[in-house]
Every structure is written in C-alpha cells, then in structure tokens.
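To be precise, the following lines are my_file_25.csv, and they hold CSV, C-alpha atoms.
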```csv
chain,number,residue,atom,x,y,z
A,10,MET,CA,-40.6,15.4,54.4
A,11,GLU,CA,-43.2,16.1,51.7
A,12,VAL,CA,-40.7,18.4,50.0
A,13,LEU,CA,-38.1,15.6,49.9
A,14,VAL,CA,-40.7,13.1,48.4
A,15,ALA,CA,-41.6,15.6,45.8
A,16,VAL,CA,-38.0,16.2,44.8
A,17,GLU,CA,-37.4,12.4,44.6
A,18,THR,CA,-40.5,12.1,42.4
A,19,VAL,CA,-39.3,14.8,40.0
A,20,LEU,CA,-35.8,13.2,39.8
A,21,LEU,CA,-37.3,9.8,39.1
A,22,ALA,CA,-39.5,11.2,36.3
A,23,LEU,CA,-36.4,12.8,34.7
A,24,LEU,CA,-34.5,9.6,35.0
A,25,VAL,CA,-37.3,7.7,33.2
A,26,LEU,CA,-37.4,10.3,30.4
A,27,LEU,CA,-33.6,10.0,30.0
A,28,VAL,CA,-33.7,6.2,29.8
A,29,ALA,CA,-36.6,6.3,27.3
A,30,GLY,CA,-34.7,8.8,25.1
A,31,LEU,CA,-31.6,6.5,25.1
A,32,LEU,CA,-33.7,3.5,24.2
A,33,ARG,CA,-35.3,5.3,21.3
A,34,SER,CA,-31.9,6.6,20.1
A,35,HIS,CA,-30.4,3.0,20.3
A,36,ALA,CA,-33.4,1.6,18.4
A,37,GLU,CA,-33.0,4.2,15.6
A,38,ILE,CA,-29.3,3.4,15.2
A,39,LEU,CA,-30.1,-0.3,15.0
A,40,ARG,CA,-32.9,0.4,12.4
A,41,ARG,CA,-30.5,2.3,10.2
A,42,LEU,CA,-27.7,-0.3,10.4
A,43,GLY,CA,-30.1,-3.1,9.6
A,44,PRO,CA,-29.3,-6.8,9.8
A,45,PRO,CA,-25.6,-7.8,9.7
A,46,GLY,CA,-24.2,-8.1,6.2
A,47,THR,CA,-26.8,-5.9,4.5
A,48,GLU,CA,-26.5,-2.4,2.9
A,49,THR,CA,-28.5,0.3,4.7
A,50,GLY,CA,-29.4,3.9,4.6
A,51,GLU,CA,-30.9,6.0,1.8
A,52,GLY,CA,-30.1,4.7,-1.6
A,53,ASN,CA,-28.6,1.6,-0.1
A,54,ASP,CA,-25.4,3.4,0.7
A,55,SER,CA,-23.3,1.9,3.4
A,56,LEU,CA,-22.9,3.9,6.6
A,57,LEU,CA,-19.3,2.8,6.9
A,58,PRO,CA,-16.6,4.8,5.1
A,59,GLU,CA,-15.0,3.4,2.0
A,60,PRO,CA,-11.5,2.0,2.4
A,61,PRO,CA,-8.6,4.3,1.3
A,62,SER,CA,-7.6,3.9,-2.3
A,63,VAL,CA,-4.4,2.1,-3.2
A,64,VAL,CA,-1.4,4.5,-3.6
A,65,THR,CA,0.4,4.1,-6.9
A,66,THR,CA,3.4,5.8,-8.4
A,67,ARG,CA,3.1,9.5,-8.8
A,68,ALA,CA,5.1,12.4,-10.3
A,69,PRO,CA,7.2,14.0,-7.6
A,70,ALA,CA,7.5,17.7,-6.9
A,71,ASP,CA,11.0,19.2,-7.4
A,72,VAL,CA,12.7,20.3,-4.3
A,73,ALA,CA,13.3,24.0,-4.2
A,74,GLY,CA,14.7,25.9,-1.2
A,75,THR,CA,17.9,27.3,0.2
A,76,THR,CA,21.3,26.0,1.3
A,77,LEU,CA,22.7,26.6,4.8
A,78,GLU,CA,24.7,29.5,3.2
A,79,GLY,CA,21.4,31.1,2.1
A,80,ASP,CA,21.8,30.4,-1.6
A,81,ALA,CA,18.7,29.4,-3.6
A,82,VAL,CA,18.8,25.8,-4.9
A,83,LYS,CA,16.5,23.5,-6.8
A,84,VAL,CA,16.8,19.7,-7.1
A,85,THR,CA,14.9,18.4,-10.2
A,86,LEU,CA,13.3,15.0,-10.0
A,87,GLY,CA,12.0,14.6,-13.5
A,88,ALA,CA,12.4,11.7,-15.9
A,89,ALA,CA,16.0,12.8,-16.8
A,90,ALA,CA,17.1,12.9,-13.2
A,91,PRO,CA,19.2,10.1,-11.8
A,92,PRO,CA,17.6,7.7,-9.2
A,93,THR,CA,17.2,9.9,-6.1
A,94,LEU,CA,16.6,9.2,-2.5
A,95,VAL,CA,15.1,12.2,-0.7
A,96,ALA,CA,15.7,12.1,3.0
A,97,PHE,CA,13.4,14.3,5.0
A,98,LEU,CA,15.2,14.9,8.3
A,99,THR,CA,15.3,17.4,11.2
A,100,SER,CA,17.9,18.5,13.6
A,101,GLY,CA,15.7,17.5,16.6
A,102,CYS,CA,14.4,14.0,16.3
A,103,ALA,CA,16.5,11.2,18.0
A,104,VAL,CA,16.1,8.7,15.1
A,105,CYS,CA,17.3,11.4,12.7
A,106,GLY,CA,20.5,11.7,14.7
A,107,ASN,CA,21.4,8.1,13.7
A,108,PHE,CA,21.1,8.9,10.0
A,109,TRP,CA,23.1,12.1,10.4
A,110,ASP,CA,25.9,10.2,12.1
A,111,ASP,CA,25.9,7.4,9.5
A,112,MET,CA,26.1,9.9,6.7
A,113,ARG,CA,29.0,11.8,8.2
A,114,ARG,CA,30.8,8.5,8.6
A,115,GLY,CA,29.9,7.3,5.1
A,116,ARG,CA,28.0,4.3,6.3
A,117,HIS,CA,25.0,5.0,4.2
A,118,THR,CA,26.9,4.1,1.0
A,119,GLU,CA,27.0,0.5,2.2
A,120,HIS,CA,23.2,0.3,1.5
A,121,LEU,CA,22.7,2.6,-1.4
A,122,GLY,CA,23.6,1.9,-5.0
A,123,ARG,CA,26.6,3.6,-6.6
A,124,ASP,CA,24.4,5.6,-9.0
A,125,MET,CA,22.0,6.6,-6.3
A,126,ARG,CA,21.7,10.4,-5.6
A,127,LEU,CA,21.0,11.2,-1.9
A,128,VAL,CA,19.5,14.6,-1.0
A,129,VAL,CA,18.6,15.7,2.5
A,130,VAL,CA,15.7,18.1,3.0
A,131,THR,CA,15.0,19.9,6.2
A,132,LYS,CA,12.4,22.5,7.0
A,133,ASP,CA,13.1,26.3,6.8
A,134,THR,CA,15.0,28.3,9.4
A,135,SER,CA,11.7,29.0,11.1
A,136,HIS,CA,11.7,25.4,12.2
A,137,GLU,CA,15.4,24.5,12.2
A,138,SER,CA,18.7,25.8,13.6
A,139,PRO,CA,21.2,26.5,10.8
A,140,SER,CA,24.1,26.3,13.3
A,141,LYS,CA,23.0,22.9,14.5
A,142,LEU,CA,22.5,21.6,11.0
A,143,GLU,CA,26.0,22.8,10.1
A,144,ARG,CA,27.3,20.5,12.7
A,145,LEU,CA,25.1,17.6,11.7
A,146,ARG,CA,25.4,17.6,7.9
A,147,PRO,CA,27.8,15.5,5.9
A,148,ASP,CA,30.2,17.1,3.5
A,149,ASP,CA,29.3,15.0,0.5
A,150,VAL,CA,25.5,15.1,0.7
A,151,PRO,CA,23.5,18.2,-0.5
A,152,LEU,CA,21.2,19.7,2.1
A,153,VAL,CA,18.2,21.8,1.1
A,154,MET,CA,16.1,23.7,3.6
A,155,SER,CA,12.5,23.7,2.3
A,156,SER,CA,9.3,23.5,4.3
A,157,ALA,CA,7.5,23.7,0.9
A,158,ALA,CA,9.0,20.4,-0.2
A,159,TRP,CA,7.7,18.7,3.0
A,160,ASP,CA,4.2,20.0,2.2
A,161,ALA,CA,4.4,19.0,-1.5
A,162,HIS,CA,5.4,15.4,-0.6
A,163,ARG,CA,3.0,15.3,2.3
A,164,VAL,CA,5.7,14.2,4.8
A,165,PRO,CA,3.9,13.1,8.0
A,166,ALA,CA,6.9,13.1,10.3
A,167,ALA,CA,10.7,12.7,10.3
A,168,PRO,CA,12.5,10.6,9.3
A,169,TYR,CA,10.8,10.0,6.0
A,170,PHE,CA,12.2,8.9,2.7
A,171,VAL,CA,11.0,9.2,-0.9
A,172,TYR,CA,12.6,7.1,-3.6
A,173,VAL,CA,12.3,8.7,-7.1
A,174,GLU,CA,13.3,7.0,-10.4
A,175,GLY,CA,12.3,7.6,-14.0
A,176,GLY,CA,10.4,10.8,-13.0
A,177,LEU,CA,8.1,8.8,-10.6
A,178,VAL,CA,7.9,8.2,-6.9
A,179,GLN,CA,8.6,4.5,-6.8
A,180,GLY,CA,8.5,4.1,-3.0
A,181,GLU,CA,8.2,6.1,0.2
A,182,GLY,CA,7.8,5.7,3.9
A,183,SER,CA,9.4,5.9,7.3
A,184,ALA,CA,12.5,4.0,8.4
A,185,THR,CA,14.8,3.8,11.3
A,186,THR,CA,17.9,2.3,9.6
A,187,TRP,CA,19.6,2.4,6.2
A,188,LYS,CA,19.0,-1.3,5.9
A,189,GLN,CA,15.2,-0.7,6.0
A,190,ILE,CA,15.6,2.0,3.3
A,191,ALA,CA,17.6,-0.4,1.1
A,192,SER,CA,14.7,-2.9,1.5
A,193,LEU,CA,12.2,-0.3,0.5
A,194,MET,CA,14.1,0.5,-2.6
A,195,ARG,CA,14.5,-3.1,-3.6
A,196,ASP,CA,10.8,-3.7,-3.2
A,197,ALA,CA,10.1,-0.7,-5.4
A,198,GLU,CA,12.5,-1.9,-8.1
A,199,HIS,CA,11.0,-5.4,-8.1
A,200,ASP,CA,7.5,-3.9,-8.3
A,201,ALA,CA,8.6,-1.7,-11.3
A,202,ARG,CA,10.1,-4.8,-13.0
A,203,TYR,CA,6.9,-6.7,-12.7
A,204,ALA,CA,4.9,-3.7,-14.0
A,205,ASN,CA,7.3,-3.2,-17.0
A,206,GLY,CA,7.0,-6.9,-17.8
A,207,ASP,CA,3.2,-6.7,-17.9
A,208,GLU,CA,3.4,-3.6,-20.2
A,209,ARG,CA,5.9,-5.4,-22.5
A,210,THR,CA,3.6,-8.4,-22.7
A,211,ASP,CA,0.6,-6.2,-23.6
A,212,ARG,CA,2.6,-4.4,-26.3
A,213,ILE,CA,3.6,-7.8,-27.8
A,214,ASP,CA,0.0,-8.9,-27.9
A,215,GLU,CA,-1.0,-5.7,-29.6
A,216,ILE,CA,1.7,-6.1,-32.3
A,217,LEU,CA,0.7,-9.8,-32.9
A,218,GLU,CA,-3.0,-8.9,-33.1
A,219,ALA,CA,-2.3,-6.1,-35.6
A,220,SER,CA,-0.5,-8.7,-37.8
A,221,GLY,CA,-3.5,-11.0,-37.7
A,222,ILE,CA,-2.0,-13.4,-35.2
A,223,GLY,CA,-4.2,-14.3,-32.3
A,224,PRO,CA,-4.0,-16.6,-29.3
A,225,GLY,CA,-3.4,-20.2,-30.4
A,226,ASP,CA,-2.2,-19.3,-33.9
A,227,PRO,CA,-0.1,-22.2,-35.3
A,228,SER,CA,2.8,-19.7,-36.1
A,229,LEU,CA,3.3,-19.2,-32.4
A,230,TYR,CA,4.0,-22.9,-31.9
A,231,PRO,CA,6.4,-24.0,-34.7
A,232,GLY,CA,6.9,-27.8,-34.5
A,233,GLU,CA,4.6,-28.1,-31.6
A,234,GLU,CA,1.0,-29.1,-31.2
A,235,ARG,CA,-1.3,-26.1,-30.8
A,236,PRO,CA,-2.8,-25.9,-27.3
A,237,HIS,CA,-6.6,-26.4,-27.1
```
Would you mind writing the file's structure down as structure tokens?
Amino acid sequence: MEVLVAVETVLLALLVLLVAGLLRSHAEILRRLGPPGTETGEGNDSLLPEPPSVVTTRAPADVAGTTLEGDAVKVTLGAAAPPTLVAFLTSGCAVCGNFWDDMRRGRHTEHLGRDMRLVVVTKDTSHESPSKLERLRPDDVPLVMSSAAWDAHRVPAAPYFVYVEGGLVQGEGSATTWKQIASLMRDAEHDARYANGDERTDRIDEILEASGIGPGDPSLYPGEERPH
C-alpha cells in the first residue's frame, strides 16, 4: 500500500511539473505576440509571414525536348514568336483525357483564335508511355516531350496552361475545359490592353512636358475654359 501511495505521489508531482511547463510556454508565446494589432518581436518585426508577392508577366523559357519519333525539337517563345498556348498534359490524368479527345476531334479550335499556336508538352519517356501518347495525340498539334520545360515553367500539376504573347507569359493556370482556357486568355489580353494604355498615356505626358506643356496648359483646351 505504501508503495502504491509513493508511486501516485511521484506521478502527481510529474503532472504538476508538466502543467507548469505548459503554462510558462503559453505565457511566453503570448508575451511575444503582444496585444492584438501591434507589431512584436525583436526589431518590431511581425512574427507572421509576409504575403506572397503579386505575380506579373515574365519572360518564358523556350520548350526544348524530343518528339515521339525521338527527334530533337525546340519551340521558341520569344518576342518574334506568334501567340502561343503551351498545354502541359500527361497520358495518365483523367482531366487531360478530355483535352486529348477534344484536340483529336478539332473542338479546341472553337475556343482558340485563328492565329493562336497550340503546343502540347508532356514529360520525358521516364514518366510517359510513348505508345500511349501516340494513340492520344492529335495529328495537327505538335507534341514535345520535355520534363525540363515542366521544371522551367514551374508546372504544379497537369493539366496546366501557359499563354505567351509578345515574348512574355501573359497568363497561366489550371483549367478543366477549353472554355475556361479561352476566358484565361481573354483576361490576359484585357489586362495587357489596360497596361499598354497606361504606358501610352505616360509617354504622351513625357512628350508634352518636354515641349513645355504641363497639366492645365491652355493649348490643351482650345476653345474651352481651362479646368481649375
């Protein structure tokens, strides 16, 4: 009986120490966080991570790899290249199967512009079955096997699409239908149009300023009252 009491006493003491340690740890965390809405930590740096930066247009990497026949091939995506939609697909994913079927039947052309170049990029033979790709691929769409291109464009998973125009990636993302892809490209074109409009306005302002014409100059409002 005395042995049992001694064991219970030791266990109780350990439990008290454990609770005290948890309380001290909790108090230290609260002290570092400080009151809500305040900056804490050494140098007043926030303990929370910074939000991710906004992704803007970037220069694309050319697609270099091999054809199903084993020939080396390279698809350039520079400024002189036509508008290009790079489709990163595999022979295994179910959603990719819908895109393969639509391309073989020519349905993708209903959603892509006439001048749009479509290129399909799969991974190397270490990840793909050439015989299966031979059955899946359309006759009129080039197919490049290149795991390096997947890495260069940081493709997270298939299906993934990268829209390139003017030597820049104008839009990218996942999609399940060609209609979604068409929407992605329209958004990219509208964004580029707004950006070009801003650049054109800035250029006009620079030319006027160089000519000594500033905001509110009477020459800008012929026959009208100058705004105050």
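One distance worth recording is that between CA of Pro69 in chain A and CA of Pro91 in chain A, which is 13.3 Å.
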Can you tell me how far CA of Tyr169 in chain A sits from CA of Val95 in chain A, in Å to one decimal? 8.3 Å
So, with only C-alpha atoms as the atoms that count, which of A:His120, A:Lys141, A:Thr134, A:Ala167 lies closest to Leu193 in chain A? A:His120
